[in-house]
Structures are given as structure tokens and as C-alpha cells.
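Enquirer: I am attaching a structure below and will ask some questions about it afterwards.
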Amino acid sequence: MSDADFLAIAIEQARLGRAEGGIPIGAALVADGEVLGAGRNRRVQEGSTIHHGETNALEVAGRQPAEVYGRATMYTTLSPCHMCTGAMLLYGIRRVVIGENRTFMGAEDLLRDNGVEVVVLDSDECHDLMSEFIAAEPSLWNEDIGVVDMTVPVIDISGWESGDAVTRDAIAASIDDACCSVGFMQITGHGIADETVAALTNAIDSVFGLDPEVKRQYQPARPSINRGYAPPKSERLSYSLGVDSPADMFEAFNVGVTHEPVAGIDPDMYPENIWPDPAAAPNFQADAQCWIDAAGELARRMSSIFAHALGVGSDFFEPLADRSIDVLRMVNYAIPEGTALERGQLGMGAHTDYGIVTILWADPVPGLEILGGDGRWHSVLPQPGALLINLGDMLARWTNDRYRSTMHRVVPPMDANGRSIRRRSAAFFHDGNADAVVSTLSTCRDADGGSPYEDVTVAEHLAQKLGGSRGLELNQHAGREAARIETVSN
């Protein structure tokens with residue numbers, strides 16, 4: 001029998017485990033062409049803390065002489081965790097055949113470092129089995145691998161405008177829970193039509209499809225003008241935290257809502273848009289404006305829900321954002337095949353968003369990761385028909401971190417075979433009026449009435465952040481946010 005034949009036995013165990021309501025990971029221990037034991041993850045079925053697929057296969061095989069273990073191969077549907085790796089090293093198993101390691105990368109390097117032959121068959125059947133399980137039961141999967149559950153909730157807000165008081169309170173409660181626990185959410189019932197999404201993607205494709213020398217013509221005169229084209233490696237988002245990093249690999253094009261200048265406010269806060277030549281990018285302006293209008297309305301609706309949840313009245317943010325600095329940032333991640341990345345170089349470096357709320361559309365491909373309280377990065381994929389919503393620093397400051405401005409980044413998008421793939425996204429930043437003062441709400445202050453956040457205007461905060469990410473001067477005013485990076489474990 002071949003490796004594929006023996007792996008099929010492990011796959012059958014995985015399917016049995018899933019049918020029992022468990023986690024679909026199976027294993028088989030084989031020596032001299034004989035299956036000594038086949039097992040599956042039984043943590044759910046037995047309430048066990050140790051019966052993973054590989055350890056269960058060892059248990060079923062029973063006690064064996066050392067020389068038998070030395071000739072044995074462990075077949076497993078998924079890359080083995082550190083516990084199972086330790087068990088295989090303890091018993092001297094010298095060969096491990098793995099179905100797939102795309103959904104989870106275990107301690108394969110530890111096996112290799114100890115002289116174990118590791119073979120990865122990259123089985124689509126194994127991958128699909130795990131992918132379907134993780135999508136269906138993300139909390140159970142996170143518990144199984146020992147990480148804090150960072151499931152991004154999907155919330156339907158369709159009843160907010162027309163619903164009764166009970167409906168509105170229920171929506172606000174769901175939003176409040178997401179704001180306090182994750183800082184990210186997936187919103188359905190947002191009312192943005194498919195045609196409007198199509199207009200956005202048309203705008204993205206038209207502007208990034210221009211020749212590089214043409215796109216560079218639309219760069220702003222100085223970094224403080226948050227408009228126009230930003231070529232690859234021109235920004236470092238981690239600088240907004242005061243954290244050094246290699247240059248980011250994305251390219252971007254920014255347009256936004258225009259307002260009349262405000263006395264005493266840097267005119268760069270309310271700049272004119274830089275539009276591509278209509279002959280080069282037909283319909284770009286109309287398509288982008290269509291999304292700005294729709295996303296802006298949704299941002300104001302979300303702000304109303306936040307205010308209701310915080311108990312300050314649903315119109316609290318209206319006078320603070322009636323001349324809001326609103327920016328649509330279209331982003332293209334298309335790293336050329338064969339590009340050598342520097343150590344730690346990302347599609348977009350770790351950062352928090354700067355304003356009140358961000359409305360994010362993105363292609364359903366890997367890349368976006370959010371930082372959990374466990375110090376780990378968790379991948380987030382947009383659900384069909386949903387828009388990702390995340391909170392910015394202004395809400396964190398207003399609420400004394402009751403509402404989370406969650407750290408996030410974009411790793412270079414890759415397919416299952418490690419090849420670079422394109423990822424498009426569009427972030428609509430709703431930041432508030434330039435002269436609005438952000439002061440911690442009285443209901444969110446510490447017991448002594450204080451707050452770790454000093455009062456700041458929106459313009460002051462944005463200048464500090466953009467001076468880092470775009471001006472490339474390390475921000476010295478982001479110590480609280482930067483401290484979170486020190487806990488990162490992967």
C-alpha cells in the first residue's frame with residue numbers, strides 16, 4: 001500500500017469523528033505495512049484533554065517495542081500540534097506523513113530538527129474537510145488549538161431604521177458586545193446594493209490598471225495631503241504606532257469628501273481630490289463617488305448605533321461629524337511573483353485605524369489579520385454579502401477602551417501553494433470633524449473620574465498618525481497602542 005492508501009485510513013477516521021460531532025482529524029500508525037492502530041480526535045466525544053488524532057492512534061495501537069516504533073510511520077490528516085509531536089518524538093517514530101498544513105501549521109520544524117522525515121501530501125480532501133469544519137465551528141476549533149476565540153460576529157442591522165424599540169435595542173446590544181470583545185464585526189442588512197459594490201470594484205480596477213508612470217502623476221504634493229496615489233513601499237503603517245518596520249508592499253489611491261476650509265485648521269485636513277484623467281480611467285470619479293455616498297451613510301448609521309449602545313443618545317456623534325474627514329482608500333495588493341520580501345515585510349504593517357469607524361470591503365481572499373488578546377494574529381475573511389466594520393482610535397478614546405480599536409495588518413496574500421495572489425480592498429474612514437474635541441465620556445471614565453487619554457482634537461490625532469504612516473516619522477504619541485505589539489507571539 002502507498003502513502004495515499006494509508007492516509008485514506010486516517011481520513012476515514014477523521015470523517016467518523018466529524019459524524020460523531022467531533023473535530024475531523026484522523027491518524028493511523030503503520031509499521032512494516034501493517035496498521036497498528038487508527039484513531040481520531042476524541043476531545044469532544046470523550047471530554048478528553050489529550051486524545052488528538054495521533055495520540056488516540058498511539059493509544060489504540062497499544063504498547064509496542066521500541067524497535068517497532070522506530071520502523072513506524074504516523075499518518076495524520078493535519079499537521080501535528082506540539083503535544084502530538086512530543087508523543088511521536090518520545091516513542092521514536094522516525095517518519096510522519098501529513099495530509100495538509102494549510103489550515104494549521106503544527107510543529108513540523110521540531111520533527112525535522114529531531115531527524116524525523118516529514119512528508120506533506122497536500123491533500124485537497126483533508127484541506128476541504130478541515131476548512132468546512134473551521135467555517136462551521138470556529139469557536140470549537142480555536143478551543144481545540146488553545147487560542148482565544150476571536151470569531152468576528154455577523155450582525156444583521158436591517159431592522160435599525162424601521163424596527164421597534166425592542167428590535168433597535170437588540171441590534172445595539174449585539175453591536176455593543178462586538179465593540180467590547182473584538183472591535184471588528186461583519187454587517188449584513190446594510191442596504192448597499194450589489195450595483196454599488198460593482199461600481200466600487202470598477203473604480204479599483206480602472207485606477208490600478210493604469211501604467212505605473214501614469215499613476216505616479218496623481219501623487220499629492222506632500223504626505224500630509226491624504227489624497228491621490230501612494231505607490232508600493234511609500235508608506236509604513238506601523239510608523240503610526242511609533243514602531244519601526246520595512247516598507248509596506250501595497251499601493252493605494254485616496255479620494256474623499258470635500259468641505260470648505262475651517263478657520264484655524266490646517267487646510268491639508270480638507271484637501272481637494274486628485275482625480276485621474278477621465279480618458280485614462282473612465283467613470284472612475286462617478287463610481288468612487290457612488291461608494292463614498294453609500295459608505296458615508298452606513299458610517300453615520302453605525303455611529304448612531306454606537307451612541308445608542310453607549311447610552312448617550314443616538315444623535316450624539318452628529319454635531320461631531322457634520323463636517324467629517326471622510327476618506328475612501330482603495331488598496332491593491334499585487335506583489336510580483338518572485339519578489340524577495342525583507343524580514344517582517346508585510347502587505348500592510350500592523351496598525352489601528354485612526355478615526356471613529358471604518359467600513360471595509362475586500363476580496364474574499366486571505367491576508368487580513370487581527371490581533372487577539374492572546375497575542376496571536378487571527379485571519380479574517382469577509383462573509384458573502386457582508387461588510388467588515390472596525391472601530392478606530394477616536395471611539396477607543398471616547399470610551400476609555402471599552403470599545404476596542406483593534407490592531408490589524410495584511411500579510412502578503414498567498415494561495416495554498418504559496419504563490420502571490422491579488423487582493424483588493426476599500427476602506428472608508430469616517431473620522432469626525434477636524435476641530436472636534438475627543439474627550440473620554442463621563443460614563444466611561446475611571447472610578448476617580450480620570451482617563452489615561454488626554455483630550456485631543458481629531459485634526460491633532462490624525463496629524464500624528466499620518467505623520468507616521470505617510471510622513472515616515474515615528475509617532476511618539478501612540479504608546480498605549482504600540483504596547484500591544486510587544487505581546488505578539490506569531
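Starting from 1 in every chain, residues are counted up; chains themselves are A, B, ... following the order of the C-alpha cells, and ligands are numbered from 1 as listed.
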From segment 236-392 of chain A, collect each residue whose DSSP state is helix (DSSP H, G or I) and return the set as a ChimeraX atom specification.

Expert: /A:237-241,267-269,284-310,318-320

Enquirer: Can you tell me, as a ChimeraX atom specification, what residues are no more than 9 Å from Asp244 of chain A when counting only C-alpha atoms, ignoring any on the same chain fewer than 6 positions away?

Expert: /A:236,238,474

Enquirer: Could you save the residues just selected, with N, CA and C atoms, as an mmCIF file, in the first residue's frame?

Expert:
```
data_model
loop_
_atom_site.group_PDB
_atom_site.id
_atom_site.type_symbol
_atom_site.label_atom_id
_atom_site.label_comp_id
_atom_site.auth_asym_id
_atom_site.auth_seq_id
_atom_site.Cartn_x
_atom_site.Cartn_y
_atom_site.Cartn_z
ATOM 1 N N ARG A 236 4.549 53.194 5.614
ATOM 2 C CA ARG A 236 4.839 52.199 6.652
ATOM 3 C C ARG A 236 3.803 52.412 7.753
ATOM 4 N N SER A 238 3.037 50.829 10.397
ATOM 5 C CA SER A 238 3.451 50.654 11.795
ATOM 6 C C SER A 238 4.080 51.925 12.360
ATOM 7 N N LEU A 474 8.458 58.378 13.026
ATOM 8 C CA LEU A 474 7.874 57.527 14.057
ATOM 9 C C LEU A 474 7.017 58.347 15.020
#
```

Enquirer: Which residues are near segment 285-297 of chain A? Cut-off 12 Å, only C-alpha atoms, ignore same chain within fewer than 5 positions. Put them as a count of residues only.

Expert: 60

Enquirer: So that I can check the secondary structure, give me every residue of segment 3-165 of chain A assigned strand (DSSP E) by backbone DSSP, as a PDB file with C-alpha atoms, in the first residue's frame.

Expert:
```
ATOM      1  CA  GLY A  26      -7.656  11.257  11.980  1.00  0.00           C
ATOM      2  CA  ALA A  27      -4.426   9.272  12.199  1.00  0.00           C
ATOM      3  CA  ALA A  28      -3.022   5.799  11.620  1.00  0.00           C
ATOM      4  CA  LEU A  29       0.189   4.254  12.963  1.00  0.00           C
ATOM      5  CA  VAL A  30       1.731   1.841  10.441  1.00  0.00           C
ATOM      6  CA  ALA A  31       4.785  -0.435  10.678  1.00  0.00           C
ATOM      7  CA  GLU A  34       0.556  -3.268   8.966  1.00  0.00           C
ATOM      8  CA  VAL A  35      -1.842  -0.783  10.590  1.00  0.00           C
ATOM      9  CA  LEU A  36      -1.029  -0.998  14.299  1.00  0.00           C
ATOM     10  CA  GLY A  37      -3.732   1.454  15.312  1.00  0.00           C
ATOM     11  CA  ALA A  38      -6.084   4.013  13.790  1.00  0.00           C
ATOM     12  CA  GLY A  39      -7.643   6.801  15.797  1.00  0.00           C
ATOM     13  CA  ARG A  40      -9.310  10.182  15.659  1.00  0.00           C
ATOM     14  CA  THR A  73       5.153   5.863  10.148  1.00  0.00           C
ATOM     15  CA  MET A  74       2.429   8.074  11.597  1.00  0.00           C
ATOM     16  CA  TYR A  75      -0.172   9.105   9.019  1.00  0.00           C
ATOM     17  CA  THR A  76      -2.219  12.139  10.050  1.00  0.00           C
ATOM     18  CA  THR A  77      -4.734  14.266   8.207  1.00  0.00           C
ATOM     19  CA  LEU A  78      -3.440  17.528   9.703  1.00  0.00           C
ATOM     20  CA  ARG A  95       8.571   9.172   9.752  1.00  0.00           C
ATOM     21  CA  VAL A  96       5.389  11.289   9.638  1.00  0.00           C
ATOM     22  CA  VAL A  97       3.103  11.684   6.612  1.00  0.00           C
ATOM     23  CA  ILE A  98       0.781  14.712   6.785  1.00  0.00           C
ATOM     24  CA  GLY A  99      -2.402  15.201   4.791  1.00  0.00           C
ATOM     25  CA  GLU A 100      -2.309  19.016   4.777  1.00  0.00           C
ATOM     26  CA  GLU A 117      11.277  12.511   7.925  1.00  0.00           C
ATOM     27  CA  VAL A 118       8.230  14.710   7.267  1.00  0.00           C
ATOM     28  CA  VAL A 119       6.167  14.216   4.105  1.00  0.00           C
ATOM     29  CA  VAL A 120       3.299  16.610   3.276  1.00  0.00           C
ATOM     30  CA  VAL A 154     -22.014  38.574  11.766  1.00  0.00           C
ATOM     31  CA  ILE A 155     -24.739  41.067  12.706  1.00  0.00           C
ATOM     32  CA  ASP A 156     -27.856  41.973  10.717  1.00  0.00           C
TER      33      ASP A 156
END
```

Enquirer: In Å, how far is it from atom CA of Asp144 of chain A to atom CA of Met105 of chain A?

Expert: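 Computed distance, atom CA of Asp144 of chain A to atom CA of Met105 of chain A, equals 13.9 Å.
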
Enquirer: Write out as a ChimeraX atom specification each polymer residue whose atoms come within 10 Å of Phe184 of chain A, counting only C-alpha atoms; drop sequence neighbours fewer than 4 positions from it.

Expert: /A:150-154,175,178-180,358,370,380,388-391,404-406,408

Enquirer: Write out the residues from the selection above, keeping N, CA, C and O atoms, as a compact mmCIF listing (two decimals), in the first residue's frame.

Expert:
```txt
# COMPACT_ATOMS: atom_id res chain seq x y z
N MET A 150 -11.46 34.44 18.63
CA MET A 150 -11.57 35.77 18.02
C MET A 150 -12.53 35.75 16.83
O MET A 150 -12.30 36.37 15.81
N THR A 151 -13.61 35.00 16.98
CA THR A 151 -14.60 34.96 15.92
C THR A 151 -15.20 36.34 15.72
O THR A 151 -15.64 36.99 16.68
N VAL A 152 -15.19 36.81 14.48
CA VAL A 152 -15.78 38.10 14.17
C VAL A 152 -17.28 37.88 13.93
O VAL A 152 -17.66 37.18 13.00
N PRO A 153 -18.14 38.46 14.77
CA PRO A 153 -19.57 38.16 14.67
C PRO A 153 -20.20 38.76 13.41
O PRO A 153 -19.78 39.82 12.93
N VAL A 154 -21.21 38.08 12.88
CA VAL A 154 -22.01 38.57 11.77
C VAL A 154 -23.31 39.12 12.35
O VAL A 154 -24.04 38.40 13.04
N ILE A 175 -24.17 44.88 18.68
CA ILE A 175 -23.06 45.75 18.26
C ILE A 175 -22.16 46.07 19.45
O ILE A 175 -20.92 46.04 19.35
N ALA A 178 -19.88 43.20 20.29
CA ALA A 178 -18.77 43.09 19.32
C ALA A 178 -17.74 44.18 19.54
O ALA A 178 -16.53 43.95 19.44
N CYS A 179 -18.19 45.39 19.83
CA CYS A 179 -17.27 46.52 20.05
C CYS A 179 -16.39 46.28 21.28
O CYS A 179 -15.21 46.63 21.29
N CYS A 180 -16.97 45.68 22.31
CA CYS A 180 -16.23 45.45 23.55
C CYS A 180 -15.29 44.25 23.48
O CYS A 180 -14.24 44.24 24.11
N THR A 358 -14.58 52.42 10.52
CA THR A 358 -14.12 52.08 9.16
C THR A 358 -15.11 51.10 8.54
O THR A 358 -15.47 50.11 9.17
N ILE A 370 -6.27 40.10 12.48
CA ILE A 370 -6.49 40.98 13.63
C ILE A 370 -5.78 40.38 14.84
O ILE A 370 -5.66 39.17 14.97
N VAL A 380 -9.06 36.88 9.07
CA VAL A 380 -10.46 37.27 8.88
C VAL A 380 -10.76 37.30 7.40
O VAL A 380 -10.07 37.97 6.63
N LEU A 388 -17.16 44.38 6.38
CA LEU A 388 -16.41 44.41 7.64
C LEU A 388 -16.46 45.81 8.22
O LEU A 388 -16.28 46.81 7.51
N ILE A 389 -16.70 45.88 9.50
CA ILE A 389 -16.72 47.15 10.23
C ILE A 389 -15.71 47.03 11.37
O ILE A 389 -15.72 46.05 12.11
N ASN A 390 -14.84 48.03 11.49
CA ASN A 390 -13.97 48.05 12.66
C ASN A 390 -13.89 49.45 13.24
O ASN A 390 -14.19 50.45 12.57
N LEU A 391 -13.55 49.50 14.50
CA LEU A 391 -13.54 50.76 15.24
C LEU A 391 -12.18 51.41 15.17
O LEU A 391 -11.15 50.72 15.08
N ARG A 404 -13.04 48.70 21.41
CA ARG A 404 -11.68 48.34 21.04
C ARG A 404 -11.32 48.84 19.65
O ARG A 404 -12.01 48.53 18.67
N SER A 405 -10.24 49.59 19.57
CA SER A 405 -9.62 49.91 18.28
C SER A 405 -8.59 48.82 18.04
O SER A 405 -7.46 48.89 18.52
N THR A 406 -9.00 47.80 17.30
CA THR A 406 -8.22 46.56 17.23
C THR A 406 -7.06 46.67 16.26
O THR A 406 -7.21 47.14 15.13
N HIS A 408 -4.56 45.54 13.52
CA HIS A 408 -4.70 44.62 12.39
C HIS A 408 -3.58 44.87 11.39
O HIS A 408 -2.87 45.87 11.46
```

Enquirer: Between A:Val438, A:Ile225, A:Val214, A:Ala478, single out the one closest to Ser240 of chain A, counting only C-alpha atoms.

Expert: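 Result for the nearest residue to Ser240 of chain A: A:Ala478.
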
Enquirer: Could you name the residues that touch Thr85 of chain A at 8 Å or less, counting only C-alpha atoms, but leaving out those on the same chain fewer than 3 positions away, as an mmCIF file with N, CA and C atoms, in the first residue's frame?

Expert:
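Output file part_30.cif follows:
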```cif
data_model
loop_
_atom_site.group_PDB
_atom_site.id
_atom_site.type_symbol
_atom_site.label_atom_id
_atom_site.label_comp_id
_atom_site.auth_asym_id
_atom_site.auth_seq_id
_atom_site.Cartn_x
_atom_site.Cartn_y
_atom_site.Cartn_z
ATOM 1 N N PRO A 80 0.699 18.047 12.831
ATOM 2 C CA PRO A 80 0.539 17.716 14.248
ATOM 3 C C PRO A 80 0.919 18.871 15.179
ATOM 4 N N CYS A 81 0.151 19.002 16.242
ATOM 5 C CA CYS A 81 0.426 20.028 17.249
ATOM 6 C C CYS A 81 1.662 19.645 18.067
ATOM 7 N N HIS A 82 2.058 20.517 18.980
ATOM 8 C CA HIS A 82 3.250 20.256 19.789
ATOM 9 C C HIS A 82 3.065 19.044 20.702
ATOM 10 N N MET A 88 5.241 11.625 19.513
ATOM 11 C CA MET A 88 5.943 10.874 18.457
ATOM 12 C C MET A 88 7.446 10.878 18.680
ATOM 13 N N LEU A 89 7.983 12.000 19.152
ATOM 14 C CA LEU A 89 9.415 12.047 19.461
ATOM 15 C C LEU A 89 9.739 11.155 20.651
ATOM 16 N N ALA A 107 3.962 21.581 14.523
ATOM 17 C CA ALA A 107 5.376 21.602 14.924
ATOM 18 C C ALA A 107 6.229 20.770 13.964
ATOM 19 N N GLU A 108 6.028 20.956 12.675
ATOM 20 C CA GLU A 108 6.786 20.188 11.681
ATOM 21 C C GLU A 108 8.287 20.454 11.777
ATOM 22 N N LEU A 110 9.989 21.132 14.379
ATOM 23 C CA LEU A 110 10.513 20.412 15.543
ATOM 24 C C LEU A 110 10.778 18.949 15.190
ATOM 25 N N LEU A 111 9.876 18.358 14.411
ATOM 26 C CA LEU A 111 10.101 16.989 13.954
ATOM 27 C C LEU A 111 11.363 16.901 13.108
#
```
